[in-house]
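Everything on this sheet refers to the single structure shown next.
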Amino acid sequence: MRRLSAVALLAPVCIVGCGDAPLESVSRRIEAADVAFMVSNPQRDAGATSAAVFASAAVGSLGNAATARITNMSTGAAADVALTDGGFDPIGIAAGIGDTIRLTALTSSNVISMDRRVERERPPRVVRTVPAARKRDVPLNAAVIVVFSEPVDPATLNSSSVRLRRADQAVAASVRFIDGQHLKARLEPAALLEPNTTYELAVSTAIRDLDGDHLEAPVTIEFSTGHTVNAAGAYMDQSHVTLAPGESLQLQVRQQFGYVPIDLIAWSSADPSVATVDHAGVVRGVAPGTTTITATAQGETASAEVYIAALDFVQVDAGGEHTCGLTTQGEAYCWGANWGGLLGSDARGSTTPVRVSGDLRFVSLTVGSYHSCGVVADGTAYCWGGGPALGTGVDERCEPSQPDYVCSRQPRPVAGGVRFTQIS
């Protein structure tokens with residue numbers, strides 16, 4: 001699309017919320033070119049974002065001002081925003097084409113006043129990145145944040161449009177939005193960054209806004225790592241967890257830069273009789289109740305509340321060395337020995353119920369000496385354990401001590417596409 005240029009105007013306006021200091025006491029006004037104040041064109045789908053345009057200011061552009069006010073001079077609608085490092089991320093305000101959006105802020109020595117006219121078309125820009133350009137001593141567990149000036153089309157955000165490189169080599173990483181408005185993207189490397197190394201972040205013009213406008217220009221920044229990881233501001237990736245006895249879940253500790261490496265974390269459970277946690281952060285339900293799992297790294301702590309729900313069985317059957325039960329929710333749990341896949345999971349033998357793998361819901365369950373089978377609502381039968389009676393048609397091995405023994409630790413569908421009402 002053709003881009004219409006923005007019109008920047010200076011206006012002698014009264015500063016909102018700056019106290020009773022007379023305007024004459026301010027030494028000078030900042031010229032328009034000094035301030036990277038951005039206002040997007042009206043959004044195609046304003047109802048989804050609860051705003052018509054987005055206003056933002058680049059880091060450092062508003063000096064030491066603490067707050068700013070954004071005002072639609074055509075309608076009087078206004079919004080106050082707190083500043084961080086002299087800038088602010090996009091904030092929505094109702095506006096239409098031709099409206100004038102005014103930014104006002106007060107630094108220790110200057111009044112900043114800037115007008116922007118809302119244009120029909122304006123391409124998206126990058127407001128800021130974390131780490132910032134030329135940042136040094138970046139933690140090795142850093143993730144990269146990119147903030148755009150307006151919502152971005154999710155289909156254009158991928159590992160090609162936002163990339164991390166080291167010495168012209170691509171760094172394996174995942175990229176996703178971290179907000180519902182699609183303003184903020186997070187690039188998370190698959191492994192720790194190398195120490196004392198320069199990296200390059202590249203955001204290409206393949207990024208498009210909701211109108212299809214490409215990023216105004218490609219953005220490339222460099223930053224360099226230090227030799228440490230950072231656990232400051234640590235928090236658990238899940239603060240509330242519900243499990244059944246025998247179920248397990250991997251918890252991870254995050255902070256603003258990324259995941260905290262497991263080898264830095266000490267894990268503990270307030271009540272191991274309810275749930276335990278191992279050195280890798282794997283929580284396992286033991287008995288009904290509530291407990292707190294705590295992770296400690298570099299003096300920082302993070303916690304998650306874990307609730308172990310009681311199992312309500314409608315059927316329990318015993319096999320040779322294992323027992324399985326069917327809950328009111330159709331979930332299958334087994335306990336006992338797990339030789340040859342008897343428990344239907346990769347768990348070791350257990351004296352408490354362990355959820356059968358696969359997140360299946362069964363309507364009936366049958367337990368044999370060396371295998372078990374369940375039927376789901378559409379009549380498909382699944383079996384696990386060992387021996388030719390599995391009927392899965394898969395020549396699978398799961399017991400290292402007997403490499404010729406046919407068995408499966410996961411529920412496998414019975415071959416042939418036959419539908420069952422019961423297996424006995």
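Identifiers for the structure tokens are assigned positionally: chains receive A, B, ... in sequence, residues are indexed from 1 per chain, and ligands are indexed from 1 in the order shown.
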Applying 8 Å and only C-alpha atoms, which residues near Ala377 in chain A remain after dropping the ones on its own chain fewer than 3 positions away? List them as a short mmCIF file (atom, residue, chain, number, x, y, z; two decimals) with all heavy atoms, in the first residue's frame.
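Contents of result-v3.cif, freshly written:
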data_model
loop_
_atom_site.label_atom_id
_atom_site.label_comp_id
_atom_site.auth_asym_id
_atom_site.auth_seq_id
_atom_site.Cartn_x
_atom_site.Cartn_y
_atom_site.Cartn_z
N ARG A 361 -10.15 -41.22 27.21
CA ARG A 361 -11.31 -41.39 28.08
C ARG A 361 -12.00 -42.69 27.69
O ARG A 361 -12.44 -42.86 26.56
CB ARG A 361 -12.29 -40.21 27.92
CG ARG A 361 -11.73 -38.86 28.36
CD ARG A 361 -11.52 -38.82 29.88
NE ARG A 361 -11.24 -37.47 30.36
CZ ARG A 361 -10.04 -36.92 30.42
NH1 ARG A 361 -8.99 -37.61 29.99
NH2 ARG A 361 -9.88 -35.70 30.88
N PHE A 362 -12.07 -43.63 28.65
CA PHE A 362 -12.61 -44.96 28.38
C PHE A 362 -14.03 -45.09 28.94
O PHE A 362 -14.39 -44.46 29.93
CB PHE A 362 -11.73 -46.04 29.01
CG PHE A 362 -10.32 -46.07 28.47
CD1 PHE A 362 -9.28 -45.46 29.17
CD2 PHE A 362 -10.04 -46.70 27.27
CE1 PHE A 362 -7.99 -45.48 28.68
CE2 PHE A 362 -8.74 -46.73 26.77
CZ PHE A 362 -7.72 -46.11 27.47
N VAL A 363 -14.81 -45.94 28.28
CA VAL A 363 -16.14 -46.28 28.79
C VAL A 363 -16.15 -47.64 29.46
O VAL A 363 -17.06 -47.97 30.23
CB VAL A 363 -17.21 -46.24 27.67
CG1 VAL A 363 -17.34 -44.82 27.11
CG2 VAL A 363 -16.86 -47.22 26.54
N THR A 380 -13.48 -47.69 19.63
CA THR A 380 -12.09 -48.10 19.40
C THR A 380 -11.53 -48.72 20.68
O THR A 380 -11.70 -48.17 21.78
CB THR A 380 -11.22 -46.91 18.98
OG1 THR A 380 -11.78 -46.31 17.80
CG2 THR A 380 -9.79 -47.35 18.69
#
- Ala231 in chain A proximity check over A:Ser364, A:Ser268, A:Thr352, A:Gln298, using only C-alpha atoms: winner is A:Gln298
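Comparing A:Phe177, A:Leu201, A:Ala58, A:Val144 by their smallest distance to Arg165 in chain A, the closest is A:Leu201 (using only C-alpha atoms).
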- What are the DSSP strand (DSSP E) residues of range 57-255 of chain A, as a PyMOL selection string? chain A and resi 57+67-72+78-82+88-93+100-106+110-117+126-130+144-148+162-166+169-170+173-177+184-189+198-203+219-224+235-236+240-243+248-250+253-255
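Nearest to Asp213 in chain A of all the residues A:Pro123, A:Gly393, A:Pro413, A:Pro154 is A:Pro123, based on only C-alpha atoms.
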- Message: Report, in Å with one decimal, the straight-line distance from CA of Thr197 in chain A to CA of Lys184 in chain A.
- Response: 25.4 Å
- Polymer residues at most 6 Å from Val406 in chain A, only C-alpha atoms, same-chain spacing of 3 or more positions, as a ChimeraX atom specification: /A:386-387,396-397
Could you give me, as JSON lines, a per-residue list for range 178-248 of chain A showing, wherever an atom lies at most 10 Å from an atom of range 274-282 of chain A, the closest pair of atoms and their distance in Å to one decimal, using only C-alpha atoms and sorting by chain then residue number from low to high?
{"residue": "A:Leu243", "atom": "CA", "partner": "A:Ala275", "partner_atom": "CA", "distance": 9.2}
{"residue": "A:Ala244", "atom": "CA", "partner": "A:Ala275", "partner_atom": "CA", "distance": 9.8}
{"residue": "A:Pro245", "atom": "CA", "partner": "A:Ala275", "partner_atom": "CA", "distance": 8.2}
{"residue": "A:Gly246", "atom": "CA", "partner": "A:Ala275", "partner_atom": "CA", "distance": 9.1}
{"residue": "A:Glu247", "atom": "CA", "partner": "A:Ala275", "partner_atom": "CA", "distance": 9.7}
{"residue": "A:Ser248", "atom": "CA", "partner": "A:Val282", "partner_atom": "CA", "distance": 6.5}
- Take CA of Cys398 in chain A and CA of Arg412 in chain A and report the distance between them in Å, one decimal. 13.0 Å
- Message: Report as a ChimeraX atom specification all protein, DNA and RNA residues lying within 9 Å of Pro131 in chain A, evaluated on only C-alpha atoms, omitting residues in the same chain fewer than 2 positions from it.
- Response: /A:128-129,133-136,138,142-145,222-223,257
- Item | Residues within 10 Å of Gln422 in chain A, only C-alpha atoms, excluding chain neighbours under 6 positions, as a list in words | Val363, Ser364, Leu365, Thr366, Cys373, Gly374, Val375, Val376, Gly379 and Ala381 of chain A
Please produce a file of the residues just selected, as a CSV table (one decimal), in the first residue's frame, where the atoms kept are all heavy atoms.
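Resulting contents of again_21.csv:
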chain,number,residue,atom,x,y,z
A,363,VAL,N,-14.8,-45.9,28.3
A,363,VAL,CA,-16.1,-46.3,28.8
A,363,VAL,C,-16.1,-47.6,29.5
A,363,VAL,O,-17.1,-48.0,30.2
A,363,VAL,CB,-17.2,-46.2,27.7
A,363,VAL,CG1,-17.3,-44.8,27.1
A,363,VAL,CG2,-16.9,-47.2,26.5
A,364,SER,N,-15.1,-48.4,29.2
A,364,SER,CA,-15.0,-49.7,29.9
A,364,SER,C,-13.5,-50.1,29.9
A,364,SER,O,-12.7,-49.6,29.1
A,364,SER,CB,-15.8,-50.8,29.1
A,364,SER,OG,-15.3,-51.1,27.8
A,365,LEU,N,-13.2,-51.0,30.9
A,365,LEU,CA,-11.8,-51.3,31.1
A,365,LEU,C,-11.7,-52.8,31.5
A,365,LEU,O,-12.5,-53.3,32.3
A,365,LEU,CB,-11.2,-50.4,32.2
A,365,LEU,CG,-9.7,-50.6,32.6
A,365,LEU,CD1,-8.8,-50.1,31.4
A,365,LEU,CD2,-9.4,-49.8,33.8
A,366,THR,N,-10.7,-53.5,30.9
A,366,THR,CA,-10.5,-54.9,31.3
A,366,THR,C,-9.0,-55.1,31.6
A,366,THR,O,-8.2,-54.7,30.8
A,366,THR,CB,-10.9,-55.8,30.1
A,366,THR,OG1,-12.3,-55.6,29.8
A,366,THR,CG2,-10.8,-57.3,30.5
A,373,CYS,N,-6.8,-53.6,28.5
A,373,CYS,CA,-7.5,-53.0,27.4
A,373,CYS,C,-8.6,-52.1,27.8
A,373,CYS,O,-9.3,-52.4,28.8
A,373,CYS,CB,-8.0,-54.0,26.4
A,373,CYS,SG,-6.8,-55.1,25.6
A,374,GLY,N,-8.9,-51.0,27.1
A,374,GLY,CA,-10.0,-50.2,27.3
A,374,GLY,C,-10.7,-49.8,26.0
A,374,GLY,O,-10.1,-49.8,25.0
A,375,VAL,N,-12.0,-49.5,26.1
A,375,VAL,CA,-12.8,-49.1,24.9
A,375,VAL,C,-13.2,-47.6,25.1
A,375,VAL,O,-13.7,-47.3,26.2
A,375,VAL,CB,-14.0,-50.0,24.8
A,375,VAL,CG1,-14.9,-49.5,23.6
A,375,VAL,CG2,-13.6,-51.4,24.6
A,376,VAL,N,-13.0,-46.8,24.1
A,376,VAL,CA,-13.4,-45.4,24.2
A,376,VAL,C,-14.8,-45.2,23.6
A,376,VAL,O,-15.4,-46.2,23.1
A,376,VAL,CB,-12.4,-44.5,23.5
A,376,VAL,CG1,-11.0,-44.6,24.1
A,376,VAL,CG2,-12.3,-44.8,22.0
A,379,GLY,N,-16.0,-46.7,20.2
A,379,GLY,CA,-15.8,-48.1,20.0
A,379,GLY,C,-14.4,-48.6,19.7
A,379,GLY,O,-14.2,-49.8,19.6
A,381,ALA,N,-10.9,-49.9,20.5
A,381,ALA,CA,-10.2,-50.5,21.7
A,381,ALA,C,-8.7,-50.2,21.7
A,381,ALA,O,-8.1,-50.3,20.6
A,381,ALA,CB,-10.5,-52.0,21.6
